[in-house]
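Chemist: File name entry.csv; file contents CSV, N, CA and C atoms; full text below.
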chain,number,residue,atom,x,y,z
A,1,MET,N,0.9,-1.2,0.0
A,1,MET,CA,0.0,0.0,0.0
A,1,MET,C,0.9,1.2,0.0
A,2,THR,N,0.6,2.1,-0.9
A,2,THR,CA,1.4,3.3,-1.0
A,2,THR,C,0.8,4.4,-0.2
A,3,PRO,N,1.6,5.4,0.2
A,3,PRO,CA,1.1,6.6,1.0
A,3,PRO,C,0.0,7.4,0.2
A,4,ALA,N,0.2,7.4,-1.2
A,4,ALA,CA,-0.7,8.2,-2.0
A,4,ALA,C,-2.1,7.5,-2.0
A,5,ARG,N,-2.1,6.2,-2.1
A,5,ARG,CA,-3.3,5.5,-2.1
A,5,ARG,C,-4.0,5.6,-0.7
A,6,LEU,N,-3.3,5.5,0.3
A,6,LEU,CA,-3.8,5.6,1.7
A,6,LEU,C,-4.4,7.1,1.9
A,7,ASP,N,-3.7,8.1,1.3
A,7,ASP,CA,-4.2,9.4,1.4
A,7,ASP,C,-5.4,9.6,0.6
A,8,ALA,N,-5.5,8.9,-0.5
A,8,ALA,CA,-6.7,9.0,-1.4
A,8,ALA,C,-8.0,8.5,-0.7
A,9,TRP,N,-7.8,7.6,0.2
A,9,TRP,CA,-8.9,7.1,1.0
A,9,TRP,C,-9.4,8.1,2.0
A,10,ARG,N,-8.6,9.0,2.4
A,10,ARG,CA,-8.9,10.1,3.3
A,10,ARG,C,-9.4,9.5,4.7
A,11,ILE,N,-8.6,8.7,5.2
A,11,ILE,CA,-9.0,8.0,6.5
A,11,ILE,C,-9.1,9.0,7.6
A,12,VAL,N,-8.1,9.8,7.8
A,12,VAL,CA,-8.1,10.8,8.9
A,12,VAL,C,-9.3,11.7,8.9
A,13,PRO,N,-9.5,12.4,7.8
A,13,PRO,CA,-10.7,13.2,7.8
A,13,PRO,C,-12.0,12.5,8.0
A,14,ARG,N,-12.1,11.3,7.5
A,14,ARG,CA,-13.3,10.5,7.8
A,14,ARG,C,-13.5,10.1,9.2
A,15,LEU,N,-12.3,9.8,9.9
A,15,LEU,CA,-12.4,9.5,11.3
A,15,LEU,C,-12.7,10.7,12.1
A,16,LEU,N,-12.2,11.9,11.7
A,16,LEU,CA,-12.6,13.1,12.4
A,16,LEU,C,-14.1,13.4,12.3
A,17,ILE,N,-14.6,13.2,11.1
A,17,ILE,CA,-16.1,13.5,10.9
A,17,ILE,C,-16.9,12.4,11.7
A,18,LEU,N,-16.4,11.2,11.8
A,18,LEU,CA,-17.1,10.2,12.5
A,18,LEU,C,-17.1,10.5,14.0
A,19,SER,N,-15.9,11.0,14.5
A,19,SER,CA,-15.9,11.3,15.9
A,19,SER,C,-16.7,12.5,16.2
A,20,TYR,N,-16.8,13.5,15.3
A,20,TYR,CA,-17.7,14.6,15.5
A,20,TYR,C,-19.2,14.2,15.6
A,21,MET,N,-19.5,13.2,14.7
A,21,MET,CA,-20.9,12.8,14.7
A,21,MET,C,-21.3,12.2,16.1
A,22,ILE,N,-20.3,11.4,16.7
A,22,ILE,CA,-20.6,10.8,18.0
A,22,ILE,C,-20.7,11.9,19.0
A,23,VAL,N,-19.8,12.9,19.0
A,23,VAL,CA,-19.9,14.0,20.0
A,23,VAL,C,-21.2,14.8,19.8
A,24,PHE,N,-21.6,15.0,18.6
A,24,PHE,CA,-22.8,15.8,18.3
A,24,PHE,C,-24.0,15.0,18.8
A,25,TYR,N,-24.1,13.7,18.6
A,25,TYR,CA,-25.2,12.9,19.0
A,25,TYR,C,-25.3,12.9,20.6
A,26,GLN,N,-24.2,12.7,21.2
A,26,GLN,CA,-24.2,12.7,22.7
A,26,GLN,C,-24.5,14.0,23.3
A,27,THR,N,-24.1,15.1,22.6
A,27,THR,CA,-24.4,16.4,23.1
A,27,THR,C,-25.9,16.7,23.0
A,28,CYS,N,-26.5,16.3,21.9
A,28,CYS,CA,-27.9,16.5,21.7
A,28,CYS,C,-28.7,15.7,22.7
A,29,GLN,N,-28.3,14.4,22.9
A,29,GLN,CA,-29.0,13.6,23.9
A,29,GLN,C,-28.9,14.2,25.3
A,30,TRP,N,-27.7,14.7,25.7
A,30,TRP,CA,-27.5,15.4,27.0
A,30,TRP,C,-28.4,16.6,27.1
A,31,PHE,N,-28.5,17.4,26.1
A,31,PHE,CA,-29.3,18.6,26.1
A,31,PHE,C,-30.7,18.3,26.2
A,32,MET,N,-31.2,17.4,25.5
A,32,MET,CA,-32.6,17.0,25.5
A,32,MET,C,-33.1,16.4,26.8
A,33,ASP,N,-32.1,15.8,27.6
A,33,ASP,CA,-32.4,15.2,28.8
A,33,ASP,C,-32.4,16.2,30.0
A,34,LEU,N,-32.0,17.4,29.8
A,34,LEU,CA,-32.0,18.4,30.8
A,34,LEU,C,-33.4,18.8,31.1
A,35,ALA,N,-33.7,19.0,32.4
A,35,ALA,CA,-35.1,19.4,32.8
A,35,ALA,C,-35.4,20.8,32.4
A,36,GLU,N,-34.4,21.7,32.8
A,36,GLU,CA,-34.6,23.1,32.5
A,36,GLU,C,-33.2,23.7,32.0
A,37,PRO,N,-32.9,23.6,30.7
A,37,PRO,CA,-31.6,24.1,30.3
A,37,PRO,C,-31.5,25.6,30.4
A,38,ASN,N,-30.3,26.1,30.7
A,38,ASN,CA,-30.1,27.5,30.8
A,38,ASN,C,-29.4,28.0,29.6
A,39,ASN,N,-29.1,29.3,29.6
A,39,ASN,CA,-28.5,29.9,28.4
A,39,ASN,C,-27.0,29.4,28.2
A,40,ALA,N,-26.3,29.1,29.2
A,40,ALA,CA,-25.0,28.6,29.1
A,40,ALA,C,-24.9,27.2,28.4
A,41,GLN,N,-25.9,26.4,28.8
A,41,GLN,CA,-26.0,25.1,28.2
A,41,GLN,C,-26.4,25.1,26.7
A,42,ALA,N,-27.3,26.0,26.4
A,42,ALA,CA,-27.8,26.2,25.1
A,42,ALA,C,-26.6,26.8,24.2
A,43,GLY,N,-25.8,27.7,24.8
A,43,GLY,CA,-24.7,28.2,24.1
A,43,GLY,C,-23.6,27.2,23.8
A,44,PHE,N,-23.4,26.2,24.8
A,44,PHE,CA,-22.5,25.1,24.5
A,44,PHE,C,-22.9,24.3,23.4
A,45,VAL,N,-24.2,23.9,23.3
A,45,VAL,CA,-24.7,23.1,22.2
A,45,VAL,C,-24.6,23.9,20.9
A,46,SER,N,-24.8,25.2,20.9
A,46,SER,CA,-24.6,26.0,19.7
A,46,SER,C,-23.2,26.0,19.2
A,47,VAL,N,-22.2,26.0,20.1
A,47,VAL,CA,-20.8,25.9,19.7
A,47,VAL,C,-20.5,24.6,19.1
A,48,ILE,N,-21.0,23.5,19.6
A,48,ILE,CA,-20.8,22.2,19.1
A,48,ILE,C,-21.4,22.1,17.7
A,49,VAL,N,-22.6,22.6,17.5
A,49,VAL,CA,-23.2,22.6,16.1
A,49,VAL,C,-22.4,23.5,15.2
A,50,GLY,N,-22.0,24.6,15.6
A,50,GLY,CA,-21.2,25.5,14.7
A,50,GLY,C,-19.9,24.9,14.3
A,51,ALA,N,-19.3,24.2,15.3
A,51,ALA,CA,-18.0,23.5,15.0
A,51,ALA,C,-18.2,22.4,13.9
A,52,GLY,N,-19.4,21.8,14.0
A,52,GLY,CA,-19.7,20.8,13.0
A,52,GLY,C,-19.8,21.3,11.6
A,53,ALA,N,-20.4,22.5,11.5
A,53,ALA,CA,-20.6,23.1,10.2
A,53,ALA,C,-19.2,23.5,9.7
A,54,ALA,N,-18.3,23.9,10.5
A,54,ALA,CA,-16.9,24.3,10.1
A,54,ALA,C,-16.2,23.0,9.6
A,55,TRP,N,-16.3,21.9,10.4
A,55,TRP,CA,-15.6,20.7,10.1
A,55,TRP,C,-16.1,20.1,8.8
A,56,PHE,N,-17.5,20.2,8.6
A,56,PHE,CA,-18.0,19.6,7.4
A,56,PHE,C,-17.6,20.4,6.2
A,57,GLY,N,-17.6,21.8,6.3
A,57,GLY,CA,-17.1,22.6,5.2
A,57,GLY,C,-15.7,22.3,4.8
A,58,LEU,N,-14.8,22.2,5.8
A,58,LEU,CA,-13.4,21.8,5.5
A,58,LEU,C,-13.3,20.5,4.9
A,59,TYR,N,-14.1,19.5,5.3
A,59,TYR,CA,-14.1,18.2,4.8
A,59,TYR,C,-14.5,18.2,3.3
A,60,VAL,N,-15.6,18.8,3.0
A,60,VAL,CA,-16.2,18.8,1.7
A,60,VAL,C,-15.3,19.6,0.7
A,61,ASN,N,-14.7,20.7,1.2
A,61,ASN,CA,-13.9,21.5,0.3
A,61,ASN,C,-12.5,21.1,0.2
A,62,SER,N,-12.1,20.1,0.9
A,62,SER,CA,-10.6,19.7,0.9
A,62,SER,C,-10.5,18.9,-0.4
A,63,LYS,N,-9.3,18.9,-0.9
A,63,LYS,CA,-8.9,18.1,-2.1
A,63,LYS,C,-8.3,16.8,-1.7
A,64,GLY,N,-8.6,15.8,-2.4
A,64,GLY,CA,-7.9,14.5,-2.2
A,64,GLY,C,-6.7,14.5,-3.1
A,65,SER,N,-5.7,13.7,-2.7
A,65,SER,CA,-4.5,13.7,-3.5
A,65,SER,C,-4.6,12.9,-4.8
A,66,GLY,N,-5.7,12.2,-4.9
A,66,GLY,CA,-5.9,11.4,-6.1
A,66,GLY,C,-6.7,12.1,-7.2
A,67,ASN,N,-7.2,11.4,-8.1
A,67,ASN,CA,-8.1,11.9,-9.2
A,67,ASN,C,-7.3,13.0,-10.0
A,68,ASP,N,-8.1,14.0,-10.4
A,68,ASP,CA,-7.5,15.0,-11.3
A,68,ASP,C,-7.2,16.3,-10.5
A,69,GLY,N,-7.3,16.3,-9.2
A,69,GLY,CA,-7.0,17.5,-8.4
A,69,GLY,C,-8.2,18.4,-8.3
A,70,ALA,N,-9.4,17.9,-8.8
A,70,ALA,CA,-10.6,18.7,-8.7
A,70,ALA,C,-11.1,18.7,-7.3
A,71,GLY,N,-11.7,19.8,-6.9
A,71,GLY,CA,-12.3,20.0,-5.6
A,71,GLY,C,-13.7,19.3,-5.6
A,72,ALA,N,-14.4,19.5,-4.5
A,72,ALA,CA,-15.7,18.8,-4.3
A,72,ALA,C,-16.7,19.4,-5.3
A,73,ASN,N,-16.6,20.6,-5.7
A,73,ASN,CA,-17.6,21.2,-6.7
A,73,ASN,C,-17.1,21.1,-8.1
A,74,GLY,N,-16.0,20.3,-8.4
A,74,GLY,CA,-15.6,20.1,-9.7
A,74,GLY,C,-14.6,21.1,-10.3
A,75,THR,N,-14.3,22.1,-9.5
A,75,THR,CA,-13.3,23.1,-9.9
A,75,THR,C,-11.9,22.7,-9.5
A,76,SER,N,-11.0,23.2,-10.3
A,76,SER,CA,-9.6,22.9,-9.9
A,76,SER,C,-9.0,23.9,-9.0
A,77,GLY,N,-9.7,25.0,-8.8
A,77,GLY,CA,-9.1,26.1,-8.0
A,77,GLY,C,-8.2,27.0,-8.7
A,78,GLY,N,-7.9,26.7,-9.9
A,78,GLY,CA,-6.9,27.5,-10.7
A,78,GLY,C,-7.6,28.4,-11.7
A,79,LYS,N,-6.9,28.7,-12.8
A,79,LYS,CA,-7.5,29.6,-13.8
A,79,LYS,C,-8.6,28.9,-14.5
A,80,ASP,N,-9.5,29.7,-15.0
A,80,ASP,CA,-10.6,29.2,-15.8
A,80,ASP,C,-10.1,28.7,-17.1
A,81,SER,N,-10.4,27.4,-17.4
A,81,SER,CA,-9.8,26.9,-18.7
A,81,SER,C,-10.8,26.9,-19.8
A,82,ARG,N,-12.0,27.5,-19.6
A,82,ARG,CA,-13.0,27.6,-20.7
A,82,ARG,C,-12.5,28.6,-21.7
A,83,PRO,N,-12.8,28.4,-23.0
A,83,PRO,CA,-12.4,29.4,-24.0
A,83,PRO,C,-13.2,30.7,-23.8
A,84,LYS,N,-12.5,31.8,-24.0
A,84,LYS,CA,-13.2,33.1,-23.9
A,84,LYS,C,-13.9,33.5,-25.1
A,85,ASN,N,-15.1,34.1,-25.0
A,85,ASN,CA,-15.8,34.6,-26.1
A,85,ASN,C,-15.3,36.0,-26.5
A,86,LYS,N,-14.9,36.1,-27.7
A,86,LYS,CA,-14.3,37.4,-28.1
A,86,LYS,C,-15.4,38.5,-28.3
A,87,ASN,N,-16.7,38.1,-28.5
A,87,ASN,CA,-17.7,39.0,-28.7
A,87,ASN,C,-18.3,39.7,-27.4
A,88,SER,N,-18.0,39.1,-26.3
A,88,SER,CA,-18.5,39.7,-25.0
A,88,SER,C,-17.5,40.3,-24.2
Here is the file; what I need is its structure written in the form of C-alpha cells.
Modeler:
Amino acid sequence: MTPARLDAWRIVPRLLILSYMIVFYQTCQWFMDLAEPNNAQAGFVSVIVGAGAAWFGLYVNSKGSGNDGAGANGTSGGKDSRPKNKNS
C-alpha cells in the first residue's frame, strides 16, 4: 500500500467526521435530557453545532491527492480553462 493510495482514501478526515458525529449525538441527547436548560448550556450546544458546520465545510472543500485534483464542486481552484468569447 502506497502513501498516496492511503491518502486518497482520506482515512483521517473520515475518522474526524465520525468522531464529531458521535460527540454531536451525545451532546444532543444530553441537552434534551436536561429538565430546564439554561443559556450557558444552550450556548454550549450552539458551539458544538457551529464547529460541526466548520468541520463539514473543511471536509467537503478539501482536495484529495488522487483523481485530477478537482475539488468537491468540480473546480480545480486554478485559472478558468474555458475558452473566452471574443464578442462579449
Chemist: Of the residues A:Ala8, A:Met21, A:Pro3, A:Val49, which is the one nearest to Lys63 in chain A, using only N, CA and C atoms?
Modeler: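 When distances to Lys63 in chain A are compared using only N, CA and C atoms, the smallest one comes from A:Ala8.
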Chemist: Please measure the separation of CA of Val12 in chain A and CA of Gly50 in chain A, giving the value in Å to one decimal.
Modeler: 20.5 Å
Chemist: For CA of Ser62 in chain A and CA of Leu15 in chain A, determine how far apart the two atoms are, in Å to one decimal place.
Modeler: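 According to the coordinates, CA of Ser62 in chain A and CA of Leu15 in chain A are separated by 14.7 Å.
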Chemist: Would you please work out which residue, of A:Gln26, A:Arg10, A:Thr2, A:Ile17, is nearest to Ala54 in chain A when using only C-alpha atoms?
Modeler: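 Ranking A:Gln26, A:Arg10, A:Thr2, A:Ile17 by distance to Ala54 in chain A, first place goes to A:Ile17.
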Chemist: Quick one: distance from CA of Asp7 in chain A to CA of Tyr59 in chain A in Å, one decimal?
Modeler: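 Between CA of Asp7 in chain A and CA of Tyr59 in chain A the gap is 13.7 Å.
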